[in-house]
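K.L.:
Shown below is the structure under consideration.
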Amino acid sequence: MSESAPIEHPGWLTSGDFTEADEPLRLFAAWFEEASRSEPRDPTAMSLATVDADGLPNVRMVLMKGFDERGFVFYTNVDSQKGRELDATHRGALMFHWKSLNRQVRLRGPVTRVDDAEADIYFASRPRLAQIGAWASKQSAPLESRHAFERAIAWQTAKFALGAVPRPPYWTGYRLLPLIMEFWHDRPFRLHDRVEFCRDTLDQPWRKTRLYP
């Protein structure tokens with residue numbers, strides 16, 4: 001995961017029994033707002049699942065850097081394993097697990113890259129050392145030693161000693177556009193609440209289904 005950063009999100013809030021909600025993005029915003037107050041570490045942490053050319057799944061933790069009606073955004077090196085797999089399949093899955101609230105949210109759908117202007121704005125907001133690290137790291141490639149990485153960091157630090165650090169051409173954001181969103185809330189004796197929202201295409205309305213736990 002990369003460094004934490006403030007999240008911009010819609011000011012949508014709902015109240016009452018979440019199973020009565022009829023719009024998943026507003027429900028997510030409400031849950032995220034609560035998690036932002038209660039999670040001791042980082043409420044933006046989410047698992048990202050992709051699949052390789054042989055159909056073998058991969059999963060890892062990333063940080064959400066924004067969400068709205070267009071989708072959920074995270075950033076990475078496009079030459080990394082996850083970047084290569086996302087560019088090959090254009091599909092992914094995300095999951096948030098907020099232990100402080102006994103809640104989780106699962107999302108599945110197509111994935112696209114963000115445009116260059118959006119990536120540039122976010123990259124410019126990162127701490128300078130994180131910007132340097134993006135240039136120094138050949139993400140997912142074999143690394144002969146930690147010392148070799150530290151040398152690369154030192155070299156890039158000297159290279160960009162003056163002025164702003166530009167965004168590397170191989171570093172950008174991806175946006176998952178959910179077609180399926182499932183909300184799960186822990187209940188005693190494993191009698192959990194589960195509600196799934198589905199839509200066949202991005203321009204169609206959501207359908208809601210309550211699921212057995």
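Going through the structure tokens in order, the chains are called A, B, and so on, while each chain numbers its residues from 1 and the ligands are numbered from 1 in the order shown.
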Extract, using only C-alpha atoms, all DNA, RNA and protein residues at most 9 Å from Asp87 (chain A), discarding same-chain residues fewer than 6 positions from it, and format them as a list in words.
P.N.:
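In the requested form, the answer reads Val78, Val111, Thr112 and Arg113 of chain A.
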K.L.:
Any chance you can output those residues with C-alpha atoms as a PDB file, in the first residue's frame?
P.N.:
```
ATOM      1  CA  VAL A  78       1.318  -0.171 -14.773  1.00  0.00           C
ATOM      2  CA  VAL A 111     -11.556  -1.394 -14.735  1.00  0.00           C
ATOM      3  CA  THR A 112     -10.190   1.505 -16.775  1.00  0.00           C
ATOM      4  CA  ARG A 113      -7.214   3.812 -16.403  1.00  0.00           C
TER       5      ARG A 113
END
```
K.L.:
Identify, with DSSP run on backbone atoms, the residues in region 11-78 of chain A assigned to alpha helix (DSSP H), and express the list as an MDAnalysis selection string.
P.N.:
chainID A and resid 24:38
K.L.:
Could you name the residues that touch Arg190 (chain A) at 9 Å or less, counting only C-alpha atoms, but leaving out those on the same chain fewer than 3 positions away, as a VMD selection string?
P.N.:
chain A and resid 186 to 187 213
K.L.:
Between A:Arg199, A:Lys138, A:Arg194, A:His147, which one has atoms that come closest to Asn77 (chain A), using only C-alpha atoms?
P.N.:
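Ranking A:Arg199, A:Lys138, A:Arg194, A:His147 by distance to Asn77 (chain A), first place goes to A:Lys138.
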K.L.:
Can you pull out the residues contacting Met61 (chain A)? Cut-off 7 Å, using only C-alpha atoms, and skip same-chain residues under 6 positions away; I want them as a list of chain:residue names.
P.N.:
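Surrounding residues, per the criterion: A:Met1, A:Ala45, A:Met46, A:Ser47, A:Leu48.
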K.L.:
From the set A:Pro57, A:Gly66, A:Pro24, A:Pro43, which residue has the shortest atom-to-atom contact distance to Gln81 (chain A), counting only C-alpha atoms?
P.N.:
A:Pro57
K.L.:
Return as a Markdown table the residues of region 108-149 of chain A lying at most 12 Å from region 174-178 of chain A, together with the closest atom-to-atom pair for each and the distance in Å to one decimal, counting only C-alpha atoms, with rows in chain order and ascending residue number.
P.N.:
```
| residue | atom | partner | partner_atom | distance |
| --- | --- | --- | --- | --- |
| A:Arg108 | CA | A:Pro178 | CA | 5.3 |
| A:Gly109 | CA | A:Pro178 | CA | 4.5 |
| A:Pro110 | CA | A:Leu177 | CA | 5.6 |
| A:Val111 | CA | A:Leu176 | CA | 4.4 |
| A:Thr112 | CA | A:Arg175 | CA | 5.4 |
| A:Arg113 | CA | A:Tyr174 | CA | 4.3 |
| A:Val114 | CA | A:Tyr174 | CA | 5.5 |
| A:Asp115 | CA | A:Tyr174 | CA | 9.1 |
| A:Asp116 | CA | A:Tyr174 | CA | 11.0 |
| A:Glu118 | CA | A:Tyr174 | CA | 10.5 |
| A:Ala119 | CA | A:Tyr174 | CA | 9.3 |
```
K.L.:
Give me, please, the distance in Å between CA of Arg103 (chain A) and CA of His185 (chain A), quoted to one decimal.
P.N.:
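Taking CA of Arg103 (chain A) and CA of His185 (chain A), their separation equals 4.6 Å.
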K.L.:
Hey, can you check how far CA of Ala158 (chain A) sits from CA of Pro127 (chain A)?
P.N.:
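Going from CA of Ala158 (chain A) over to CA of Pro127 (chain A) covers 16.2 Å.
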K.L.:
Which residue out of A:Ala148, A:Met181, A:Val51, A:Ile121 has the minimum interatomic distance to Phe28 (chain A) when only C-alpha atoms are used?
P.N.:
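Closest to Phe28 (chain A), using only C-alpha atoms: A:Met181.
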K.L.:
Name all residues at most 10 Å from Trp184 (chain A) (count only C-alpha atoms; drop same-chain ones fewer than 2 positions away) and give them as a PDB file with C-alpha atoms, in the first residue's frame.
P.N.:
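Ended up saving to out18.pdb:
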```pdb
ATOM      1  CA  PHE A  18     -28.955  -0.339   5.814  1.00  0.00           C
ATOM      2  CA  THR A  19     -31.045  -3.120   4.275  1.00  0.00           C
ATOM      3  CA  HIS A  97     -13.219  -4.885   5.673  1.00  0.00           C
ATOM      4  CA  ASN A 102     -17.952  -5.520  11.768  1.00  0.00           C
ATOM      5  CA  ARG A 103     -18.736  -4.605   8.158  1.00  0.00           C
ATOM      6  CA  GLN A 104     -17.425  -5.382   4.725  1.00  0.00           C
ATOM      7  CA  VAL A 105     -18.204  -4.221   1.191  1.00  0.00           C
ATOM      8  CA  ARG A 106     -17.396  -6.203  -1.962  1.00  0.00           C
ATOM      9  CA  GLU A 182     -22.448  -6.328  -1.723  1.00  0.00           C
ATOM     10  CA  ASP A 186     -21.947  -9.001  11.250  1.00  0.00           C
ATOM     11  CA  ARG A 187     -24.770 -10.272  13.470  1.00  0.00           C
ATOM     12  CA  HIS A 192     -25.434 -11.780   9.287  1.00  0.00           C
ATOM     13  CA  ASP A 193     -27.129  -9.202   7.085  1.00  0.00           C
ATOM     14  CA  ARG A 194     -26.158  -9.251   3.386  1.00  0.00           C
ATOM     15  CA  VAL A 195     -27.545  -7.014   0.659  1.00  0.00           C
ATOM     16  CA  GLU A 196     -26.391  -7.135  -2.961  1.00  0.00           C
ATOM     17  CA  LEU A 211     -28.896 -12.692   0.512  1.00  0.00           C
ATOM     18  CA  PRO A 213     -25.680 -15.177   5.267  1.00  0.00           C
TER      19      PRO A 213
END
```
K.L.:
Check the smallest atom-to-atom distance from each of A:Ala53, A:Leu202, A:Ala21, A:Ile132 to Arg84 (chain A) using only C-alpha atoms, then report the winner.
P.N.:
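Between A:Ala53, A:Leu202, A:Ala21, A:Ile132, the residue approaching Arg84 (chain A) most closely is A:Ala53.
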K.L.:
Give the strand (DSSP E or B) residues of region 41-198 of chain A, as DSSP finds them on the backbone, and put them as a PDB file with N, CA and C atoms, in the first residue's frame.
P.N.:
```
ATOM      1  N   ALA A  45      -8.031   1.264   3.149  1.00  0.00           N
ATOM      2  CA  ALA A  45      -7.392   0.010   2.746  1.00  0.00           C
ATOM      3  C   ALA A  45      -8.421  -0.943   2.161  1.00  0.00           C
ATOM      4  N   MET A  46      -8.080  -1.540   1.029  1.00  0.00           N
ATOM      5  CA  MET A  46      -8.992  -2.470   0.371  1.00  0.00           C
ATOM      6  C   MET A  46      -8.176  -3.529  -0.349  1.00  0.00           C
ATOM      7  N   SER A  47      -8.712  -4.739  -0.418  1.00  0.00           N
ATOM      8  CA  SER A  47      -8.058  -5.789  -1.182  1.00  0.00           C
ATOM      9  C   SER A  47      -8.471  -5.659  -2.635  1.00  0.00           C
ATOM     10  N   LEU A  48      -7.516  -5.862  -3.525  1.00  0.00           N
ATOM     11  CA  LEU A  48      -7.741  -5.817  -4.966  1.00  0.00           C
ATOM     12  C   LEU A  48      -7.446  -7.188  -5.543  1.00  0.00           C
ATOM     13  N   ALA A  49      -8.425  -7.795  -6.201  1.00  0.00           N
ATOM     14  CA  ALA A  49      -8.254  -9.101  -6.830  1.00  0.00           C
ATOM     15  C   ALA A  49      -8.199  -8.942  -8.336  1.00  0.00           C
ATOM     16  N   THR A  50      -7.229  -9.628  -8.944  1.00  0.00           N
ATOM     17  CA  THR A  50      -7.094  -9.690 -10.396  1.00  0.00           C
ATOM     18  C   THR A  50      -6.871 -11.154 -10.763  1.00  0.00           C
ATOM     19  N   VAL A  51      -6.741 -11.419 -12.048  1.00  0.00           N
ATOM     20  CA  VAL A  51      -6.498 -12.780 -12.504  1.00  0.00           C
ATOM     21  C   VAL A  51      -5.422 -12.746 -13.577  1.00  0.00           C
ATOM     22  N   PRO A  57      -5.996 -16.478  -9.662  1.00  0.00           N
ATOM     23  CA  PRO A  57      -6.263 -15.179  -9.030  1.00  0.00           C
ATOM     24  C   PRO A  57      -5.060 -14.646  -8.264  1.00  0.00           C
ATOM     25  N   ASN A  58      -4.998 -13.328  -8.159  1.00  0.00           N
ATOM     26  CA  ASN A  58      -4.044 -12.618  -7.315  1.00  0.00           C
ATOM     27  C   ASN A  58      -4.812 -11.627  -6.464  1.00  0.00           C
ATOM     28  N   VAL A  59      -4.394 -11.449  -5.222  1.00  0.00           N
ATOM     29  CA  VAL A  59      -5.038 -10.456  -4.362  1.00  0.00           C
ATOM     30  C   VAL A  59      -3.969  -9.771  -3.539  1.00  0.00           C
ATOM     31  N   ARG A  60      -4.156  -8.465  -3.306  1.00  0.00           N
ATOM     32  CA  ARG A  60      -3.221  -7.684  -2.507  1.00  0.00           C
ATOM     33  C   ARG A  60      -3.962  -6.468  -1.960  1.00  0.00           C
ATOM     34  N   MET A  61      -3.360  -5.795  -0.985  1.00  0.00           N
ATOM     35  CA  MET A  61      -3.971  -4.609  -0.392  1.00  0.00           C
ATOM     36  C   MET A  61      -3.484  -3.358  -1.122  1.00  0.00           C
ATOM     37  N   VAL A  62      -4.416  -2.457  -1.400  1.00  0.00           N
ATOM     38  CA  VAL A  62      -4.107  -1.149  -1.973  1.00  0.00           C
ATOM     39  C   VAL A  62      -4.905  -0.113  -1.185  1.00  0.00           C
ATOM     40  N   LEU A  63      -4.728   1.156  -1.538  1.00  0.00           N
ATOM     41  CA  LEU A  63      -5.461   2.220  -0.868  1.00  0.00           C
ATOM     42  C   LEU A  63      -6.388   2.923  -1.857  1.00  0.00           C
ATOM     43  N   GLY A  66     -10.072   7.739  -3.982  1.00  0.00           N
ATOM     44  CA  GLY A  66     -11.241   8.529  -4.322  1.00  0.00           C
ATOM     45  C   GLY A  66     -12.366   7.632  -4.793  1.00  0.00           C
ATOM     46  N   PHE A  67     -13.592   8.087  -4.607  1.00  0.00           N
ATOM     47  CA  PHE A  67     -14.741   7.383  -5.154  1.00  0.00           C
ATOM     48  C   PHE A  67     -15.861   8.384  -5.404  1.00  0.00           C
ATOM     49  N   ASP A  68     -16.630   8.102  -6.435  1.00  0.00           N
ATOM     50  CA  ASP A  68     -17.819   8.870  -6.757  1.00  0.00           C
ATOM     51  C   ASP A  68     -18.658   8.015  -7.695  1.00  0.00           C
ATOM     52  N   GLY A  71     -16.784   5.631 -10.062  1.00  0.00           N
ATOM     53  CA  GLY A  71     -16.108   4.419  -9.618  1.00  0.00           C
ATOM     54  C   GLY A  71     -15.130   4.674  -8.488  1.00  0.00           C
ATOM     55  N   PHE A  72     -14.281   3.682  -8.246  1.00  0.00           N
ATOM     56  CA  PHE A  72     -13.348   3.657  -7.114  1.00  0.00           C
ATOM     57  C   PHE A  72     -11.921   3.642  -7.662  1.00  0.00           C
ATOM     58  N   VAL A  73     -11.076   4.571  -7.182  1.00  0.00           N
ATOM     59  CA  VAL A  73      -9.775   4.832  -7.790  1.00  0.00           C
ATOM     60  C   VAL A  73      -8.637   4.412  -6.870  1.00  0.00           C
ATOM     61  N   PHE A  74      -7.611   3.809  -7.475  1.00  0.00           N
ATOM     62  CA  PHE A  74      -6.352   3.506  -6.794  1.00  0.00           C
ATOM     63  C   PHE A  74      -5.236   3.709  -7.806  1.00  0.00           C
ATOM     64  N   TYR A  75      -3.987   3.774  -7.329  1.00  0.00           N
ATOM     65  CA  TYR A  75      -2.849   4.079  -8.195  1.00  0.00           C
ATOM     66  C   TYR A  75      -1.770   3.016  -8.072  1.00  0.00           C
ATOM     67  N   THR A  76      -1.015   2.840  -9.165  1.00  0.00           N
ATOM     68  CA  THR A  76       0.045   1.846  -9.156  1.00  0.00           C
ATOM     69  C   THR A  76       0.946   2.028 -10.368  1.00  0.00           C
ATOM     70  N   ASN A  77       2.014   1.257 -10.395  1.00  0.00           N
ATOM     71  CA  ASN A  77       2.893   1.145 -11.550  1.00  0.00           C
ATOM     72  C   ASN A  77       2.222   0.210 -12.561  1.00  0.00           C
ATOM     73  N   ARG A  91     -10.776  -6.058 -15.817  1.00  0.00           N
ATOM     74  CA  ARG A  91     -11.749  -6.456 -14.798  1.00  0.00           C
ATOM     75  C   ARG A  91     -11.045  -6.609 -13.459  1.00  0.00           C
ATOM     76  N   GLY A  92     -11.790  -6.389 -12.387  1.00  0.00           N
ATOM     77  CA  GLY A  92     -11.214  -6.553 -11.064  1.00  0.00           C
ATOM     78  C   GLY A  92     -12.290  -6.635 -10.008  1.00  0.00           C
ATOM     79  N   ALA A  93     -11.838  -6.869  -8.783  1.00  0.00           N
ATOM     80  CA  ALA A  93     -12.738  -6.922  -7.634  1.00  0.00           C
ATOM     81  C   ALA A  93     -12.048  -6.252  -6.455  1.00  0.00           C
ATOM     82  N   LEU A  94     -12.841  -5.585  -5.626  1.00  0.00           N
ATOM     83  CA  LEU A  94     -12.345  -4.909  -4.426  1.00  0.00           C
ATOM     84  C   LEU A  94     -13.117  -5.388  -3.213  1.00  0.00           C
ATOM     85  N   MET A  95     -12.463  -5.328  -2.049  1.00  0.00           N
ATOM     86  CA  MET A  95     -13.193  -5.597  -0.812  1.00  0.00           C
ATOM     87  C   MET A  95     -12.654  -4.712   0.307  1.00  0.00           C
ATOM     88  N   PHE A  96     -13.554  -4.048   0.994  1.00  0.00           N
ATOM     89  CA  PHE A  96     -13.242  -3.310   2.216  1.00  0.00           C
ATOM     90  C   PHE A  96     -13.684  -4.155   3.402  1.00  0.00           C
ATOM     91  N   HIS A  97     -12.841  -4.215   4.426  1.00  0.00           N
ATOM     92  CA  HIS A  97     -13.219  -4.885   5.673  1.00  0.00           C
ATOM     93  C   HIS A  97     -12.902  -3.947   6.826  1.00  0.00           C
ATOM     94  N   TRP A  98     -13.935  -3.428   7.442  1.00  0.00           N
ATOM     95  CA  TRP A  98     -13.780  -2.503   8.562  1.00  0.00           C
ATOM     96  C   TRP A  98     -14.086  -3.246   9.852  1.00  0.00           C
ATOM     97  N   ARG A 103     -18.105  -4.768   9.457  1.00  0.00           N
ATOM     98  CA  ARG A 103     -18.736  -4.605   8.158  1.00  0.00           C
ATOM     99  C   ARG A 103     -17.731  -4.867   7.050  1.00  0.00           C
ATOM    100  N   GLN A 104     -18.248  -5.304   5.922  1.00  0.00           N
ATOM    101  CA  GLN A 104     -17.425  -5.382   4.725  1.00  0.00           C
ATOM    102  C   GLN A 104     -18.263  -5.036   3.500  1.00  0.00           C
ATOM    103  N   VAL A 105     -17.571  -4.562   2.462  1.00  0.00           N
ATOM    104  CA  VAL A 105     -18.204  -4.221   1.191  1.00  0.00           C
ATOM    105  C   VAL A 105     -17.379  -4.852   0.077  1.00  0.00           C
ATOM    106  N   ARG A 106     -18.042  -5.569  -0.812  1.00  0.00           N
ATOM    107  CA  ARG A 106     -17.396  -6.203  -1.962  1.00  0.00           C
ATOM    108  C   ARG A 106     -17.890  -5.546  -3.247  1.00  0.00           C
ATOM    109  N   LEU A 107     -16.958  -5.340  -4.194  1.00  0.00           N
ATOM    110  CA  LEU A 107     -17.292  -4.707  -5.467  1.00  0.00           C
ATOM    111  C   LEU A 107     -16.644  -5.498  -6.601  1.00  0.00           C
ATOM    112  N   ARG A 108     -17.351  -5.608  -7.717  1.00  0.00           N
ATOM    113  CA  ARG A 108     -16.816  -6.256  -8.911  1.00  0.00           C
ATOM    114  C   ARG A 108     -17.238  -5.458 -10.136  1.00  0.00           C
ATOM    115  N   GLY A 109     -16.351  -5.411 -11.140  1.00  0.00           N
ATOM    116  CA  GLY A 109     -16.723  -4.689 -12.347  1.00  0.00           C
ATOM    117  C   GLY A 109     -15.553  -4.430 -13.260  1.00  0.00           C
ATOM    118  N   PRO A 110     -15.813  -3.736 -14.368  1.00  0.00           N
ATOM    119  CA  PRO A 110     -14.741  -3.380 -15.304  1.00  0.00           C
ATOM    120  C   PRO A 110     -13.807  -2.334 -14.698  1.00  0.00           C
ATOM    121  N   VAL A 111     -12.585  -2.311 -15.226  1.00  0.00           N
ATOM    122  CA  VAL A 111     -11.556  -1.394 -14.735  1.00  0.00           C
ATOM    123  C   VAL A 111     -10.970  -0.637 -15.921  1.00  0.00           C
ATOM    124  N   THR A 112     -10.822   0.675 -15.761  1.00  0.00           N
ATOM    125  CA  THR A 112     -10.190   1.505 -16.775  1.00  0.00           C
ATOM    126  C   THR A 112      -9.113   2.366 -16.120  1.00  0.00           C
ATOM    127  N   ARG A 113      -8.202   2.857 -16.924  1.00  0.00           N
ATOM    128  CA  ARG A 113      -7.214   3.812 -16.403  1.00  0.00           C
ATOM    129  C   ARG A 113      -7.851   5.191 -16.269  1.00  0.00           C
ATOM    130  N   TRP A 171       3.289   5.176 -14.362  1.00  0.00           N
ATOM    131  CA  TRP A 171       2.595   5.226 -13.069  1.00  0.00           C
ATOM    132  C   TRP A 171       1.291   5.995 -13.252  1.00  0.00           C
ATOM    133  N   THR A 172       0.181   5.358 -12.918  1.00  0.00           N
ATOM    134  CA  THR A 172      -1.108   6.027 -13.112  1.00  0.00           C
ATOM    135  C   THR A 172      -2.167   5.389 -12.216  1.00  0.00           C
ATOM    136  N   GLY A 173      -3.391   5.836 -12.410  1.00  0.00           N
ATOM    137  CA  GLY A 173      -4.493   5.327 -11.609  1.00  0.00           C
ATOM    138  C   GLY A 173      -5.412   4.427 -12.413  1.00  0.00           C
ATOM    139  N   TYR A 174      -6.123   3.587 -11.682  1.00  0.00           N
ATOM    140  CA  TYR A 174      -7.159   2.741 -12.262  1.00  0.00           C
ATOM    141  C   TYR A 174      -8.471   3.018 -11.540  1.00  0.00           C
ATOM    142  N   ARG A 175      -9.547   2.897 -12.282  1.00  0.00           N
ATOM    143  CA  ARG A 175     -10.874   3.123 -11.715  1.00  0.00           C
ATOM    144  C   ARG A 175     -11.725   1.874 -11.932  1.00  0.00           C
ATOM    145  N   LEU A 176     -12.197   1.280 -10.842  1.00  0.00           N
ATOM    146  CA  LEU A 176     -13.129   0.164 -10.937  1.00  0.00           C
ATOM    147  C   LEU A 176     -14.546   0.719 -10.939  1.00  0.00           C
ATOM    148  N   ILE A 180     -21.462  -4.821  -9.442  1.00  0.00           N
ATOM    149  CA  ILE A 180     -21.986  -5.555  -8.286  1.00  0.00           C
ATOM    150  C   ILE A 180     -21.379  -4.947  -7.024  1.00  0.00           C
ATOM    151  N   MET A 181     -22.213  -4.627  -6.055  1.00  0.00           N
ATOM    152  CA  MET A 181     -21.766  -4.159  -4.740  1.00  0.00           C
ATOM    153  C   MET A 181     -22.541  -4.919  -3.677  1.00  0.00           C
ATOM    154  N   GLU A 182     -21.808  -5.571  -2.798  1.00  0.00           N
ATOM    155  CA  GLU A 182     -22.448  -6.328  -1.723  1.00  0.00           C
ATOM    156  C   GLU A 182     -22.043  -5.760  -0.365  1.00  0.00           C
ATOM    157  N   PHE A 183     -23.026  -5.530   0.484  1.00  0.00           N
ATOM    158  CA  PHE A 183     -22.812  -5.001   1.835  1.00  0.00           C
ATOM    159  C   PHE A 183     -23.098  -6.103   2.849  1.00  0.00           C
ATOM    160  N   TRP A 184     -22.167  -6.279   3.761  1.00  0.00           N
ATOM    161  CA  TRP A 184     -22.247  -7.348   4.767  1.00  0.00           C
ATOM    162  C   TRP A 184     -22.063  -6.743   6.152  1.00  0.00           C
ATOM    163  N   HIS A 185     -22.925  -7.111   7.069  1.00  0.00           N
ATOM    164  CA  HIS A 185     -22.840  -6.623   8.442  1.00  0.00           C
ATOM    165  C   HIS A 185     -22.951  -7.802   9.389  1.00  0.00           C
ATOM    166  N   ASP A 193     -26.352  -9.891   8.113  1.00  0.00           N
ATOM    167  CA  ASP A 193     -27.129  -9.202   7.085  1.00  0.00           C
ATOM    168  C   ASP A 193     -26.268  -9.056   5.838  1.00  0.00           C
ATOM    169  N   ARG A 194     -26.838  -9.418   4.674  1.00  0.00           N
ATOM    170  CA  ARG A 194     -26.158  -9.251   3.386  1.00  0.00           C
ATOM    171  C   ARG A 194     -27.147  -8.678   2.379  1.00  0.00           C
ATOM    172  N   VAL A 195     -26.726  -7.620   1.707  1.00  0.00           N
ATOM    173  CA  VAL A 195     -27.545  -7.014   0.659  1.00  0.00           C
ATOM    174  C   VAL A 195     -26.656  -6.813  -0.567  1.00  0.00           C
ATOM    175  N   GLU A 196     -27.136  -7.253  -1.718  1.00  0.00           N
ATOM    176  CA  GLU A 196     -26.391  -7.135  -2.961  1.00  0.00           C
ATOM    177  C   GLU A 196     -27.123  -6.212  -3.931  1.00  0.00           C
ATOM    178  N   PHE A 197     -26.363  -5.290  -4.523  1.00  0.00           N
ATOM    179  CA  PHE A 197     -26.870  -4.422  -5.584  1.00  0.00           C
ATOM    180  C   PHE A 197     -26.189  -4.837  -6.889  1.00  0.00           C
ATOM    181  N   CYS A 198     -26.973  -5.034  -7.949  1.00  0.00           N
ATOM    182  CA  CYS A 198     -26.443  -5.448  -9.249  1.00  0.00           C
ATOM    183  C   CYS A 198     -27.029  -4.576 -10.354  1.00  0.00           C
TER     184      CYS A 198
END
```
K.L.:
Applying 9 Å and only C-alpha atoms, which residues near Ser137 (chain A) remain after dropping the ones on its own chain fewer than 4 positions away? List them as number ranges by chain.
P.N.:
A: 77, 132-133, 141, 149, 152-153
K.L.:
Put those residues in a file: N, CA and C atoms, as a PDB file, in the first residue's frame.
P.N.:
```pdb
ATOM      1  N   ASN A  77       2.014   1.257 -10.395  1.00  0.00           N
ATOM      2  CA  ASN A  77       2.893   1.145 -11.550  1.00  0.00           C
ATOM      3  C   ASN A  77       2.222   0.210 -12.561  1.00  0.00           C
ATOM      4  N   ILE A 132       9.559  10.211  -5.438  1.00  0.00           N
ATOM      5  CA  ILE A 132      10.872   9.663  -5.773  1.00  0.00           C
ATOM      6  C   ILE A 132      10.809   8.145  -5.838  1.00  0.00           C
ATOM      7  N   GLY A 133      10.101   7.544  -4.882  1.00  0.00           N
ATOM      8  CA  GLY A 133       9.990   6.092  -4.844  1.00  0.00           C
ATOM      9  C   GLY A 133       9.331   5.522  -6.083  1.00  0.00           C
ATOM     10  N   ALA A 141       9.256  -6.399 -10.157  1.00  0.00           N
ATOM     11  CA  ALA A 141      10.436  -6.997 -10.774  1.00  0.00           C
ATOM     12  C   ALA A 141      11.367  -7.528  -9.692  1.00  0.00           C
ATOM     13  N   PHE A 149      18.027  -1.056  -4.027  1.00  0.00           N
ATOM     14  CA  PHE A 149      16.860  -0.164  -4.046  1.00  0.00           C
ATOM     15  C   PHE A 149      17.219   1.182  -3.430  1.00  0.00           C
ATOM     16  N   ALA A 152      19.070   3.239  -5.854  1.00  0.00           N
ATOM     17  CA  ALA A 152      18.170   3.804  -6.860  1.00  0.00           C
ATOM     18  C   ALA A 152      17.426   5.012  -6.310  1.00  0.00           C
ATOM     19  N   ILE A 153      17.004   4.936  -5.059  1.00  0.00           N
ATOM     20  CA  ILE A 153      16.332   6.070  -4.427  1.00  0.00           C
ATOM     21  C   ILE A 153      17.272   7.268  -4.339  1.00  0.00           C
TER      22      ILE A 153
END
```
K.L.:
With distances taken over only C-alpha atoms, which of A:Thr157, A:Leu56, A:Leu86, A:Glu69 is nearest to Ala29 (chain A)?
P.N.:
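With only C-alpha atoms as the atom set, the closest residue is A:Glu69.
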K.L.:
Which distance in Å separates CA of Pro188 (chain A) and CA of Asp17 (chain A), to one decimal?
P.N.:
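Computing the Euclidean distance for CA of Pro188 (chain A) and CA of Asp17 (chain A) yields 16.3 Å.
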